[in-house]
file start.txt (compact mmCIF, C-alpha atoms and all ligand atoms)
# COMPACT_ATOMS: atom_id res chain seq x y z
CA MET Q 1 41.30 52.87 26.15
CA LEU Q 2 41.79 52.48 22.42
CA SER Q 3 39.46 49.59 21.99
CA ARG Q 4 36.15 49.20 23.74
CA PRO Q 5 34.39 46.17 22.17
CA ARG Q 6 31.29 47.01 24.17
CA ARG Q 7 30.63 50.00 21.89
CA ASN Q 8 29.48 47.51 19.24
CA ARG Q 9 27.02 46.00 21.71
CA LYS Q 10 25.54 49.21 23.10
CA SER Q 11 22.08 48.98 21.51
CA ALA Q 12 19.97 46.57 19.52
CA ALA Q 13 20.46 48.81 16.49
CA VAL Q 14 24.25 48.72 16.70
CA ARG Q 15 24.32 45.01 17.55
CA GLY Q 16 22.19 44.39 14.47
CA LEU Q 17 24.78 46.08 12.27
CA CYS Q 18 27.53 43.90 13.70
CA ARG Q 19 25.81 40.50 13.51
CA GLU Q 20 27.94 37.95 11.70
CA SER Q 21 25.28 35.23 11.36
CA GLN Q 22 21.57 35.36 10.68
CA ILE Q 23 18.72 32.90 10.61
CA SER Q 24 16.29 33.33 7.76
CA SER Q 25 13.42 31.19 6.58
CA GLN Q 26 15.46 30.66 3.41
CA ASN Q 27 18.01 28.66 5.38
CA LEU Q 28 15.49 26.35 7.03
CA ILE Q 29 14.32 22.91 5.94
CA TYR Q 30 11.20 21.58 7.66
CA PRO Q 31 11.13 17.80 8.33
CA LEU Q 32 7.61 16.34 8.11
CA PHE Q 33 6.23 12.90 8.96
CA VAL Q 34 3.50 11.32 6.87
CA GLN Q 35 1.25 8.30 7.45
CA GLU Q 36 -1.60 6.49 5.70
CA GLY Q 37 -5.20 7.33 6.60
CA ALA Q 38 -7.06 10.49 7.48
CA ARG Q 39 -5.64 11.16 10.95
CA ASP Q 40 -3.05 13.72 11.99
CA ASP Q 41 -1.59 12.10 15.12
CA GLU Q 42 0.50 13.80 17.79
CA ILE Q 43 3.85 12.00 18.10
CA ALA Q 44 4.25 10.89 21.72
CA SER Q 45 8.06 10.93 21.62
CA MET Q 46 8.19 14.34 19.88
CA PRO Q 47 5.64 16.67 21.53
CA GLY Q 48 4.65 19.42 19.10
CA CYS Q 49 5.19 17.24 15.98
CA ARG Q 50 2.60 15.21 14.12
CA ARG Q 51 2.42 12.29 11.77
CA TRP Q 52 0.31 13.86 9.06
CA SER Q 53 -2.25 12.35 6.74
CA LEU Q 54 -1.64 13.23 3.08
CA ASP Q 55 -4.15 16.09 3.32
CA GLY Q 56 -2.70 17.26 6.62
CA LEU Q 57 0.80 17.15 5.16
CA VAL Q 58 -0.13 19.34 2.22
CA ARG Q 59 -1.91 21.78 4.55
CA GLU Q 60 1.04 21.96 6.94
CA ALA Q 61 3.53 22.38 4.09
CA ALA Q 62 1.36 25.12 2.57
CA GLU Q 63 1.24 26.98 5.90
CA ALA Q 64 5.01 26.70 6.30
CA HIS Q 65 5.54 27.80 2.69
CA ALA Q 66 3.30 30.84 3.23
CA LEU Q 67 5.58 31.78 6.13
CA GLY Q 68 8.64 31.61 3.88
CA ILE Q 69 9.84 28.02 4.25
CA ASN Q 70 11.00 26.86 0.81
CA ALA Q 71 12.05 23.27 1.50
CA ILE Q 72 10.68 20.28 3.37
CA VAL Q 73 12.00 16.77 3.90
CA LEU Q 74 9.64 13.82 4.16
CA PHE Q 75 9.71 10.81 6.48
CA PRO Q 76 7.09 8.06 6.11
CA ALA Q 77 5.59 5.97 8.90
CA ILE Q 78 5.14 2.63 7.15
CA ASP Q 79 2.54 0.13 8.33
CA SER Q 80 4.29 -2.72 10.13
CA ALA Q 81 2.47 -5.21 7.83
CA LEU Q 82 4.37 -3.68 4.87
CA LYS Q 83 7.82 -3.94 6.44
CA THR Q 84 9.95 -6.80 5.11
CA PRO Q 85 13.55 -8.01 5.48
CA GLY Q 86 14.19 -6.89 1.88
CA ALA Q 87 12.50 -3.46 2.35
CA GLU Q 88 11.00 -3.91 -1.13
CA ARG Q 89 8.18 -1.42 -0.56
CA CYS Q 90 10.59 1.52 -0.56
CA CYS Q 91 10.59 1.43 -4.37
CA ASP Q 92 6.81 1.36 -4.97
CA ASP Q 93 5.87 4.14 -7.35
CA ASP Q 94 2.51 4.37 -5.58
CA GLY Q 95 4.02 4.15 -2.09
CA LEU Q 96 3.27 6.64 0.67
CA VAL Q 97 6.31 8.87 0.09
CA GLN Q 98 5.86 8.83 -3.66
CA ARG Q 99 2.19 9.85 -3.39
CA ALA Q 100 3.10 12.52 -0.84
CA VAL Q 101 5.77 14.00 -3.13
CA ALA Q 102 3.36 14.03 -6.07
CA ALA Q 103 0.64 15.73 -3.99
CA LEU Q 104 3.06 18.37 -2.67
CA LYS Q 105 4.51 19.12 -6.10
CA THR Q 106 1.00 19.48 -7.57
CA GLU Q 107 -0.24 21.82 -4.84
CA LEU Q 108 3.00 23.69 -4.09
CA PRO Q 109 5.17 23.48 -7.19
CA GLU Q 110 7.72 25.99 -5.90
CA LEU Q 111 8.35 24.21 -2.62
CA ALA Q 112 11.52 22.08 -2.81
CA VAL Q 113 10.67 18.54 -1.78
CA ILE Q 114 13.49 16.45 -0.33
CA THR Q 115 13.16 12.71 0.25
CA ASP Q 116 15.08 10.48 2.63
CA VAL Q 117 16.79 7.60 0.84
CA ALA Q 118 17.30 4.76 3.33
CA LEU Q 119 15.65 1.47 4.12
CA ASP Q 120 14.87 1.81 7.82
CA PRO Q 121 11.15 2.73 7.63
CA TYR Q 122 10.56 -0.25 5.28
CA ASN Q 123 12.94 -2.80 6.76
CA SER Q 124 11.48 -5.20 9.31
CA ASP Q 125 14.96 -5.27 10.88
CA GLY Q 126 14.91 -1.48 11.37
CA HIS Q 127 18.30 -1.03 9.72
CA ASP Q 128 19.21 1.41 6.95
CA GLY Q 129 20.69 -1.47 4.96
CA LEU Q 130 19.89 -5.09 4.16
CA VAL Q 131 20.83 -7.47 6.96
CA ALA Q 132 22.64 -10.77 6.24
CA PRO Q 133 21.66 -13.88 8.25
CA ASP Q 134 24.73 -13.37 10.44
CA GLY Q 135 23.68 -9.80 11.26
CA ARG Q 136 26.15 -7.98 8.96
CA ILE Q 137 24.82 -5.01 6.99
CA LEU Q 138 25.29 -5.71 3.27
CA ASN Q 139 26.77 -2.68 1.55
CA ASP Q 140 26.63 -3.22 -2.20
CA GLU Q 141 23.31 -5.07 -2.20
CA THR Q 142 21.87 -2.15 -0.22
CA VAL Q 143 23.25 0.40 -2.69
CA ASP Q 144 21.37 -1.36 -5.53
CA ILE Q 145 18.03 -1.00 -3.79
CA LEU Q 146 18.82 2.59 -2.70
CA CYS Q 147 19.32 3.45 -6.38
CA ARG Q 148 15.88 2.05 -7.18
CA GLN Q 149 14.37 3.93 -4.22
CA ALA Q 150 15.98 7.21 -5.34
CA LEU Q 151 14.71 6.67 -8.90
CA SER Q 152 11.20 6.09 -7.65
CA HIS Q 153 11.40 9.35 -5.63
CA ALA Q 154 12.67 11.17 -8.73
CA ARG Q 155 9.79 9.79 -10.84
CA SER Q 156 7.30 11.07 -8.27
CA GLY Q 157 8.80 14.57 -8.62
CA ALA Q 158 11.34 14.93 -5.78
CA ASP Q 159 13.65 17.92 -6.24
CA ILE Q 160 16.39 16.57 -3.99
CA VAL Q 161 17.11 13.05 -2.77
CA ALA Q 162 18.93 12.71 0.53
CA PRO Q 163 20.65 9.36 1.16
CA SER Q 164 20.79 8.94 4.95
CA ASP Q 165 22.02 5.35 5.01
CA MET Q 166 25.83 5.82 5.14
CA MET Q 167 26.62 2.91 2.80
CA ASP Q 168 29.92 3.26 0.92
CA GLY Q 169 29.67 4.31 -2.71
CA ARG Q 170 25.98 5.17 -2.66
CA ILE Q 171 26.32 8.77 -3.85
CA GLY Q 172 28.13 7.81 -7.06
CA ALA Q 173 25.77 4.93 -7.73
CA ILE Q 174 22.65 7.05 -7.16
CA ARG Q 175 24.03 9.89 -9.32
CA ALA Q 176 24.69 7.44 -12.17
CA ALA Q 177 21.25 5.83 -11.81
CA LEU Q 178 19.52 9.24 -11.85
CA ASP Q 179 21.52 10.43 -14.86
CA ASP Q 180 20.88 7.21 -16.78
CA GLU Q 181 17.14 7.78 -16.44
CA GLY Q 182 17.37 11.43 -17.44
CA PHE Q 183 17.02 12.90 -13.94
CA THR Q 184 20.09 15.09 -14.34
CA GLU Q 185 18.39 17.94 -12.48
CA VAL Q 186 17.54 15.99 -9.36
CA SER Q 187 20.02 17.01 -6.65
CA ILE Q 188 21.71 14.84 -4.07
CA LEU Q 189 21.94 16.10 -0.49
CA SER Q 190 24.26 13.57 1.10
CA TYR Q 191 24.15 12.71 4.77
CA THR Q 192 27.94 12.92 4.67
CA ALA Q 193 28.78 12.84 8.34
CA LYS Q 194 25.91 11.04 10.00
CA TYR Q 195 26.92 9.91 13.44
CA ALA Q 196 25.74 6.81 15.31
CA SER Q 197 23.87 9.03 17.73
CA ALA Q 198 21.62 8.48 20.73
CA TYR Q 199 19.94 11.76 19.77
CA TYR Q 200 17.86 9.93 17.13
CA GLY Q 201 15.85 8.07 19.79
CA PRO Q 202 12.65 10.18 19.62
CA PHE Q 203 12.60 9.97 15.78
CA ARG Q 204 12.77 6.19 15.86
CA GLY Q 205 9.83 6.29 18.27
CA ALA Q 206 7.90 8.42 15.77
CA LEU Q 207 8.38 5.90 12.94
CA ASP Q 208 8.74 2.72 14.99
CA SER Q 209 12.03 2.28 13.13
CA ALA Q 210 14.53 1.37 15.85
CA PRO Q 211 16.82 -1.55 14.89
CA LYS Q 212 15.38 -4.84 16.11
CA ALA Q 213 18.88 -6.18 16.81
CA GLY Q 214 22.32 -4.66 16.96
CA ASP Q 215 23.08 -0.99 16.40
CA LYS Q 216 24.09 1.27 13.50
CA LYS Q 217 27.76 1.60 14.46
CA THR Q 218 29.14 -0.35 11.48
CA TYR Q 219 27.75 2.24 9.07
CA GLN Q 220 27.05 5.50 10.93
CA MET Q 221 30.12 7.39 12.15
CA ASP Q 222 31.80 7.17 15.52
CA PRO Q 223 30.97 10.28 17.62
CA ALA Q 224 34.64 10.45 18.57
CA ASN Q 225 35.79 11.28 15.04
CA ALA Q 226 36.13 14.45 12.98
CA ALA Q 227 38.93 13.72 10.48
CA GLU Q 228 36.86 10.81 9.19
CA ALA Q 229 34.17 13.34 8.20
CA LEU Q 230 36.67 14.98 5.85
CA ARG Q 231 37.24 11.65 4.16
CA GLU Q 232 33.51 11.09 3.75
CA ALA Q 233 33.14 14.64 2.40
CA ALA Q 234 35.92 14.14 -0.16
CA LEU Q 235 34.30 10.92 -1.39
CA ASP Q 236 30.84 12.50 -1.59
CA ALA Q 237 32.24 15.42 -3.59
CA GLU Q 238 34.06 13.08 -5.98
CA GLU Q 239 30.94 10.96 -6.38
CA GLY Q 240 28.77 13.93 -7.33
CA ALA Q 241 26.99 15.13 -4.19
CA ASP Q 242 25.50 18.62 -4.53
CA MET Q 243 25.29 19.36 -0.81
CA LEU Q 244 26.78 17.81 2.30
CA MET Q 245 25.10 17.28 5.65
CA VAL Q 246 26.27 16.90 9.22
CA LYS Q 247 23.94 15.18 11.66
CA PRO Q 248 23.22 15.76 14.56
CA ALA Q 249 24.04 19.47 14.58
CA GLY Q 250 24.52 20.90 18.09
CA PRO Q 251 27.01 18.35 19.43
CA TYR Q 252 28.93 18.41 16.10
CA LEU Q 253 29.49 22.12 15.47
CA ASP Q 254 33.22 21.46 15.01
CA VAL Q 255 32.43 19.02 12.21
CA ILE Q 256 30.13 21.54 10.50
CA ALA Q 257 32.95 24.11 10.68
CA LEU Q 258 35.50 21.61 9.39
CA LEU Q 259 33.43 20.70 6.33
CA ALA Q 260 32.43 24.32 5.67
CA GLU Q 261 36.10 25.32 5.64
CA ASN Q 262 37.37 22.37 3.65
CA SER Q 263 34.70 21.82 1.02
CA ASP Q 264 33.35 24.12 -1.65
CA LEU Q 265 29.96 22.37 -1.43
CA PRO Q 266 27.20 23.88 0.72
CA VAL Q 267 26.92 22.27 4.13
CA ALA Q 268 23.57 21.55 5.76
CA ALA Q 269 23.10 20.46 9.37
CA TYR Q 270 20.28 18.48 10.98
CA GLN Q 271 19.07 19.56 14.42
CA VAL Q 272 17.70 16.12 15.21
CA SER Q 273 14.81 14.83 17.29
CA GLY Q 274 16.83 14.50 20.51
CA GLU Q 275 18.07 18.08 20.25
CA TYR Q 276 14.47 19.18 19.62
CA LEU Q 277 13.12 17.13 22.51
CA MET Q 278 15.67 18.43 25.00
CA ILE Q 279 14.60 21.99 24.26
CA GLN Q 280 10.88 21.11 24.31
CA SER Q 281 11.06 19.20 27.58
CA ALA Q 282 13.28 21.67 29.43
CA ALA Q 283 10.98 24.48 28.31
CA ALA Q 284 7.86 22.54 29.32
CA ALA Q 285 9.36 22.15 32.80
CA GLY Q 286 9.89 25.91 32.91
CA TRP Q 287 13.66 25.48 33.13
CA ILE Q 288 14.76 27.44 30.06
CA ASN Q 289 13.53 30.32 27.93
CA ARG Q 290 12.26 28.33 24.97
CA ILE Q 291 12.32 30.96 22.23
CA ALA Q 292 15.75 32.25 23.24
CA VAL Q 293 17.23 28.75 23.34
CA ILE Q 294 15.78 27.85 19.94
CA GLU Q 295 17.26 31.00 18.43
CA GLU Q 296 20.63 30.47 20.10
CA SER Q 297 20.80 26.83 19.02
CA LEU Q 298 20.12 27.77 15.38
CA LEU Q 299 22.51 30.75 15.41
CA GLY Q 300 25.25 28.45 16.71
CA ILE Q 301 24.70 26.09 13.79
CA ARG Q 302 24.75 28.97 11.29
CA ARG Q 303 27.86 30.48 12.93
CA ALA Q 304 29.63 27.12 12.59
CA GLY Q 305 29.10 27.37 8.82
CA ALA Q 306 25.88 25.59 7.88
CA SER Q 307 24.04 27.21 4.99
CA ALA Q 308 20.87 25.21 5.64
CA ILE Q 309 19.41 23.77 8.84
CA LEU Q 310 16.91 20.94 9.06
CA THR Q 311 14.88 21.67 12.17
CA TYR Q 312 11.50 20.69 13.59
CA PHE Q 313 11.23 24.34 14.69
CA ALA Q 314 11.37 25.60 11.08
CA LYS Q 315 7.74 26.62 10.70
CA GLU Q 316 7.54 28.25 14.11
CA VAL Q 317 10.78 30.17 13.56
CA ALA Q 318 9.62 31.37 10.12
CA GLY Q 319 6.52 32.66 11.87
CA TRP Q 320 8.61 34.88 14.15
CA TRP Q 321 9.09 37.34 11.31
CA ARG Q 322 5.46 37.29 10.13
CA PRO Q 323 3.07 38.43 12.87
C1 LIG Z 1 17.18 7.09 9.09
C2 LIG Z 1 17.09 8.46 9.65
C3 LIG Z 1 17.18 8.75 11.01
C4 LIG Z 1 16.97 10.11 11.15
C5 LIG Z 1 16.77 10.65 9.87
N1 LIG Z 1 16.86 9.60 8.95
C6 LIG Z 1 17.35 7.85 12.18
C7 LIG Z 1 18.42 6.84 12.19
O1 LIG Z 1 19.41 6.91 11.47
O2 LIG Z 1 18.25 5.90 12.97
C8 LIG Z 1 16.96 10.82 12.46
C9 LIG Z 1 16.37 12.18 12.51
C10 LIG Z 1 16.10 12.70 13.88
O3 LIG Z 1 16.48 12.10 14.91
O4 LIG Z 1 15.46 13.76 13.96
N2 LIG Z 1 17.58 6.90 7.82

call {"tool": "encode", "arguments": {"input": "start.txt", "output": "structure tokens"}}
result
Amino acid sequence: MLSRPRRNRKSAAVRGLCRESQISSQNLIYPLFVQEGARDDEIASMPGCRRWSLDGLVREAAEAHALGINAIVLFPAIDSALKTPGAERCCDDDGLVQRAVAALKTELPELAVITDVALDPYNSDGHDGLVAPDGRILNDETVDILCRQALSHARSGADIVAPSDMMDGRIGAIRAALDDEGFTEVSILSYTAKYASAYYGPFRGALDSAPKAGDKKTYQMDPANAAEALREAALDAEEGADMLMVKPAGPYLDVIALLAENSDLPVAAYQVSGEYLMIQSAAAAGWINRIAVIEESLLGIRRAGASAILTYFAKEVAGWWRP
């Protein structure tokens, strides 16, 4: 036999030489939840994750950073008393996210801090955009407030802003707003292909941010579509995005591959709360080998072409290489 592919699999040493994809702490982004007060609460819908106090957040980020994680993304749990139909509190310079960014950048200046630009944690309707009386999501009015939110994140010291709202035209508008105020070095990680996914359920439980009425299908993408992601990617590139994102990750590996092949921008992918929870719950039941499934899920996302992965497993995985 001329070719025996098994020769390249004969030992761990040889397999290591032939590996096409790797996971490294450099590729991982750690999503972290933050809340007011002094408590670090377990999140019921996401076992193993916490809503951190400001102090707890800085401690957790420092531990992750010491293990080699270089980027985190922040999600705030906003007090229901502060949620309004206009989501005005998202732009407060002394808001929870803004104080968290400032604290992280003071304590851990080399850690890249990414913020989520969207209205849902602040909007009493639970939508990523402003809701008209007839239930429609208002695009251009939302983009105006997203620009102010992104500016406020930039003022607090964010390295990267990540619009996750899926409004049309928001990347260009946010880029212009940042540049006008002198924030030419603040990057934009666009949620380019964010699908209207049932996999976000546990996350909405963590932040109490589920839509009060309707769904997100008029702005997030239809899970049936891939070509549409190319169109979104082309617009984001034209409008000045620095990095693209596909979300969720596991069920959309084809979309990650499509963008990686067709765009010269780096592609990130978000292994979302539902993907996390399925692994956690199957492992808790003793039905799967947890560590092996985590590794395989992340390798699949890297193999598809993602340069960075947002994953709730980031800190744990970074720890695998540091006993
Ligand atoms: C909202 C946002 C969501 C997630 C990140 N940003 C939820 C949504 O769109 O409803 C989900 C992340 C996850 O499920 O882990 N702007």

call {"tool": "atom_distance", "arguments": {"input": "start.txt", "atom1": "CA of Glu63 (chain Q)", "atom2": "CA of Pro76 (chain Q)"}}
result
19.8 Å

call {"tool": "closest_atom_pairs", "arguments": {"input": "start.txt", "of": "chain Q", "to": "ligand LIG 1 (chain Z)", "cutoff": "10 Å", "atoms": "only C-alpha atoms and all ligand atoms", "output": "JSON lines"}}
result
{"residue": "Q:Pro31", "atom": "CA", "partner": "Z:LIG1", "partner_atom": "O4", "distance": 8.2}
{"residue": "Q:Met46", "atom": "CA", "partner": "Z:LIG1", "partner_atom": "O4", "distance": 9.4}
{"residue": "Q:Val73", "atom": "CA", "partner": "Z:LIG1", "partner_atom": "C5", "distance": 9.8}
{"residue": "Q:Leu74", "atom": "CA", "partner": "Z:LIG1", "partner_atom": "N1", "distance": 9.6}
{"residue": "Q:Phe75", "atom": "CA", "partner": "Z:LIG1", "partner_atom": "N1", "distance": 7.7}
{"residue": "Q:Thr115", "atom": "CA", "partner": "Z:LIG1", "partner_atom": "N1", "distance": 10.0}
{"residue": "Q:Asp116", "atom": "CA", "partner": "Z:LIG1", "partner_atom": "N1", "distance": 6.6}
{"residue": "Q:Val117", "atom": "CA", "partner": "Z:LIG1", "partner_atom": "N2", "distance": 7.1}
{"residue": "Q:Ala118", "atom": "CA", "partner": "Z:LIG1", "partner_atom": "N2", "distance": 5.0}
{"residue": "Q:Leu119", "atom": "CA", "partner": "Z:LIG1", "partner_atom": "N2", "distance": 6.8}
{"residue": "Q:Asp120", "atom": "CA", "partner": "Z:LIG1", "partner_atom": "N2", "distance": 5.8}
{"residue": "Q:Pro121", "atom": "CA", "partner": "Z:LIG1", "partner_atom": "C1", "distance": 7.6}
{"residue": "Q:Gly126", "atom": "CA", "partner": "Z:LIG1", "partner_atom": "O2", "distance": 8.3}
{"residue": "Q:His127", "atom": "CA", "partner": "Z:LIG1", "partner_atom": "O2", "distance": 7.7}
{"residue": "Q:Asp128", "atom": "CA", "partner": "Z:LIG1", "partner_atom": "N2", "distance": 5.8}
{"residue": "Q:Gly129", "atom": "CA", "partner": "Z:LIG1", "partner_atom": "N2", "distance": 9.4}
{"residue": "Q:Ala162", "atom": "CA", "partner": "Z:LIG1", "partner_atom": "N1", "distance": 9.2}
{"residue": "Q:Pro163", "atom": "CA", "partner": "Z:LIG1", "partner_atom": "N2", "distance": 7.7}
{"residue": "Q:Ser164", "atom": "CA", "partner": "Z:LIG1", "partner_atom": "N2", "distance": 4.8}
{"residue": "Q:Asp165", "atom": "CA", "partner": "Z:LIG1", "partner_atom": "N2", "distance": 5.5}
{"residue": "Q:Met166", "atom": "CA", "partner": "Z:LIG1", "partner_atom": "N2", "distance": 8.7}
{"residue": "Q:Tyr191", "atom": "CA", "partner": "Z:LIG1", "partner_atom": "N1", "distance": 9.0}
{"residue": "Q:Lys194", "atom": "CA", "partner": "Z:LIG1", "partner_atom": "O1", "distance": 7.8}
{"residue": "Q:Tyr195", "atom": "CA", "partner": "Z:LIG1", "partner_atom": "O1", "distance": 8.3}
{"residue": "Q:Ala196", "atom": "CA", "partner": "Z:LIG1", "partner_atom": "O1", "distance": 7.4}
{"residue": "Q:Ser197", "atom": "CA", "partner": "Z:LIG1", "partner_atom": "O1", "distance": 8.0}
{"residue": "Q:Ala198", "atom": "CA", "partner": "Z:LIG1", "partner_atom": "O3", "distance": 8.6}
{"residue": "Q:Tyr199", "atom": "CA", "partner": "Z:LIG1", "partner_atom": "O3", "distance": 6.0}
{"residue": "Q:Tyr200", "atom": "CA", "partner": "Z:LIG1", "partner_atom": "O3", "distance": 3.4}
{"residue": "Q:Gly201", "atom": "CA", "partner": "Z:LIG1", "partner_atom": "O3", "distance": 6.4}
{"residue": "Q:Pro202", "atom": "CA", "partner": "Z:LIG1", "partner_atom": "O3", "distance": 6.4}
{"residue": "Q:Phe203", "atom": "CA", "partner": "Z:LIG1", "partner_atom": "O3", "distance": 4.5}
{"residue": "Q:Arg204", "atom": "CA", "partner": "Z:LIG1", "partner_atom": "C6", "distance": 6.1}
{"residue": "Q:Gly205", "atom": "CA", "partner": "Z:LIG1", "partner_atom": "O3", "distance": 9.4}
{"residue": "Q:Ala206", "atom": "CA", "partner": "Z:LIG1", "partner_atom": "O3", "distance": 9.4}
{"residue": "Q:Leu207", "atom": "CA", "partner": "Z:LIG1", "partner_atom": "C6", "distance": 9.2}
{"residue": "Q:Ser209", "atom": "CA", "partner": "Z:LIG1", "partner_atom": "O2", "distance": 7.2}
{"residue": "Q:Ala210", "atom": "CA", "partner": "Z:LIG1", "partner_atom": "O2", "distance": 6.5}
{"residue": "Q:Pro211", "atom": "CA", "partner": "Z:LIG1", "partner_atom": "O2", "distance": 7.8}
{"residue": "Q:Asp215", "atom": "CA", "partner": "Z:LIG1", "partner_atom": "O2", "distance": 9.1}
{"residue": "Q:Lys216", "atom": "CA", "partner": "Z:LIG1", "partner_atom": "O2", "distance": 7.5}
{"residue": "Q:Tyr219", "atom": "CA", "partner": "Z:LIG1", "partner_atom": "O1", "distance": 9.9}
{"residue": "Q:Gln220", "atom": "CA", "partner": "Z:LIG1", "partner_atom": "O1", "distance": 7.8}
{"residue": "Q:Lys247", "atom": "CA", "partner": "Z:LIG1", "partner_atom": "C9", "distance": 8.2}
{"residue": "Q:Pro248", "atom": "CA", "partner": "Z:LIG1", "partner_atom": "O3", "distance": 7.7}
{"residue": "Q:Tyr270", "atom": "CA", "partner": "Z:LIG1", "partner_atom": "O4", "distance": 7.4}
{"residue": "Q:Gln271", "atom": "CA", "partner": "Z:LIG1", "partner_atom": "O4", "distance": 6.8}
{"residue": "Q:Val272", "atom": "CA", "partner": "Z:LIG1", "partner_atom": "O4", "distance": 3.5}
{"residue": "Q:Ser273", "atom": "CA", "partner": "Z:LIG1", "partner_atom": "O4", "distance": 3.6}
{"residue": "Q:Gly274", "atom": "CA", "partner": "Z:LIG1", "partner_atom": "O3", "distance": 6.1}
{"residue": "Q:Glu275", "atom": "CA", "partner": "Z:LIG1", "partner_atom": "O4", "distance": 8.1}
{"residue": "Q:Tyr276", "atom": "CA", "partner": "Z:LIG1", "partner_atom": "O4", "distance": 7.9}
{"residue": "Q:Leu277", "atom": "CA", "partner": "Z:LIG1", "partner_atom": "O4", "distance": 9.5}
{"residue": "Q:Leu310", "atom": "CA", "partner": "Z:LIG1", "partner_atom": "O4", "distance": 8.8}
{"residue": "Q:Thr311", "atom": "CA", "partner": "Z:LIG1", "partner_atom": "O4", "distance": 8.1}
{"residue": "Q:Tyr312", "atom": "CA", "partner": "Z:LIG1", "partner_atom": "O4", "distance": 8.0}

call {"tool": "write_last_selection", "arguments": {"input": "start.txt", "atoms": "C-alpha atoms", "output": "mmCIF file, keeping the file's coordinate frame"}}
result
data_model
loop_
_atom_site.group_PDB
_atom_site.id
_atom_site.type_symbol
_atom_site.label_atom_id
_atom_site.label_comp_id
_atom_site.auth_asym_id
_atom_site.auth_seq_id
_atom_site.Cartn_x
_atom_site.Cartn_y
_atom_site.Cartn_z
ATOM 1 C CA PRO Q 31 11.130 17.800 8.330
ATOM 2 C CA MET Q 46 8.190 14.340 19.880
ATOM 3 C CA VAL Q 73 12.000 16.770 3.900
ATOM 4 C CA LEU Q 74 9.640 13.820 4.160
ATOM 5 C CA PHE Q 75 9.710 10.810 6.480
ATOM 6 C CA THR Q 115 13.160 12.710 0.250
ATOM 7 C CA ASP Q 116 15.080 10.480 2.630
ATOM 8 C CA VAL Q 117 16.790 7.600 0.840
ATOM 9 C CA ALA Q 118 17.300 4.760 3.330
ATOM 10 C CA LEU Q 119 15.650 1.470 4.120
ATOM 11 C CA ASP Q 120 14.870 1.810 7.820
ATOM 12 C CA PRO Q 121 11.150 2.730 7.630
ATOM 13 C CA GLY Q 126 14.910 -1.480 11.370
ATOM 14 C CA HIS Q 127 18.300 -1.030 9.720
ATOM 15 C CA ASP Q 128 19.210 1.410 6.950
ATOM 16 C CA GLY Q 129 20.690 -1.470 4.960
ATOM 17 C CA ALA Q 162 18.930 12.710 0.530
ATOM 18 C CA PRO Q 163 20.650 9.360 1.160
ATOM 19 C CA SER Q 164 20.790 8.940 4.950
ATOM 20 C CA ASP Q 165 22.020 5.350 5.010
ATOM 21 C CA MET Q 166 25.830 5.820 5.140
ATOM 22 C CA TYR Q 191 24.150 12.710 4.770
ATOM 23 C CA LYS Q 194 25.910 11.040 10.000
ATOM 24 C CA TYR Q 195 26.920 9.910 13.440
ATOM 25 C CA ALA Q 196 25.740 6.810 15.310
ATOM 26 C CA SER Q 197 23.870 9.030 17.730
ATOM 27 C CA ALA Q 198 21.620 8.480 20.730
ATOM 28 C CA TYR Q 199 19.940 11.760 19.770
ATOM 29 C CA TYR Q 200 17.860 9.930 17.130
ATOM 30 C CA GLY Q 201 15.850 8.070 19.790
ATOM 31 C CA PRO Q 202 12.650 10.180 19.620
ATOM 32 C CA PHE Q 203 12.600 9.970 15.780
ATOM 33 C CA ARG Q 204 12.770 6.190 15.860
ATOM 34 C CA GLY Q 205 9.830 6.290 18.270
ATOM 35 C CA ALA Q 206 7.900 8.420 15.770
ATOM 36 C CA LEU Q 207 8.380 5.900 12.940
ATOM 37 C CA SER Q 209 12.030 2.280 13.130
ATOM 38 C CA ALA Q 210 14.530 1.370 15.850
ATOM 39 C CA PRO Q 211 16.820 -1.550 14.890
ATOM 40 C CA ASP Q 215 23.080 -0.990 16.400
ATOM 41 C CA LYS Q 216 24.090 1.270 13.500
ATOM 42 C CA TYR Q 219 27.750 2.240 9.070
ATOM 43 C CA GLN Q 220 27.050 5.500 10.930
ATOM 44 C CA LYS Q 247 23.940 15.180 11.660
ATOM 45 C CA PRO Q 248 23.220 15.760 14.560
ATOM 46 C CA TYR Q 270 20.280 18.480 10.980
ATOM 47 C CA GLN Q 271 19.070 19.560 14.420
ATOM 48 C CA VAL Q 272 17.700 16.120 15.210
ATOM 49 C CA SER Q 273 14.810 14.830 17.290
ATOM 50 C CA GLY Q 274 16.830 14.500 20.510
ATOM 51 C CA GLU Q 275 18.070 18.080 20.250
ATOM 52 C CA TYR Q 276 14.470 19.180 19.620
ATOM 53 C CA LEU Q 277 13.120 17.130 22.510
ATOM 54 C CA LEU Q 310 16.910 20.940 9.060
ATOM 55 C CA THR Q 311 14.880 21.670 12.170
ATOM 56 C CA TYR Q 312 11.500 20.690 13.590
#

call {"tool": "atom_distance", "arguments": {"input": "start.txt", "atom1": "CA of Val293 (chain Q)", "atom2": "CA of Ala249 (chain Q)"}}
result
14.5 Å

call {"tool": "closest_residue", "arguments": {"input": "start.txt", "among": "Q:Gly250, Q:Gly240, Q:Gly214, Q:Gly169", "to": "Ala306 (chain Q)", "atoms": "all atoms listed in the file"}}
result
Q:Gly250

call {"tool": "atom_distance", "arguments": {"input": "start.txt", "atom1": "CA of Met1 (chain Q)", "atom2": "CA of Val14 (chain Q)"}}
result
19.9 Å

call {"tool": "residues_around", "arguments": {"input": "start.txt", "residues": "region 108-114 of chain Q", "least_positions_apart": "3", "cutoff": "9 Å", "atoms": "all atoms listed in the file", "output": "list in words"}}
result
Val58, Ala61, Ala62, His65, Ile69, Asn70, Ala71, Ile72, Val73, Leu74, Val101, Ala103, Leu104, Lys105, Gly157, Ala158, Asp159, Ile160, Val161, Ala162 and Leu189 of chain Q
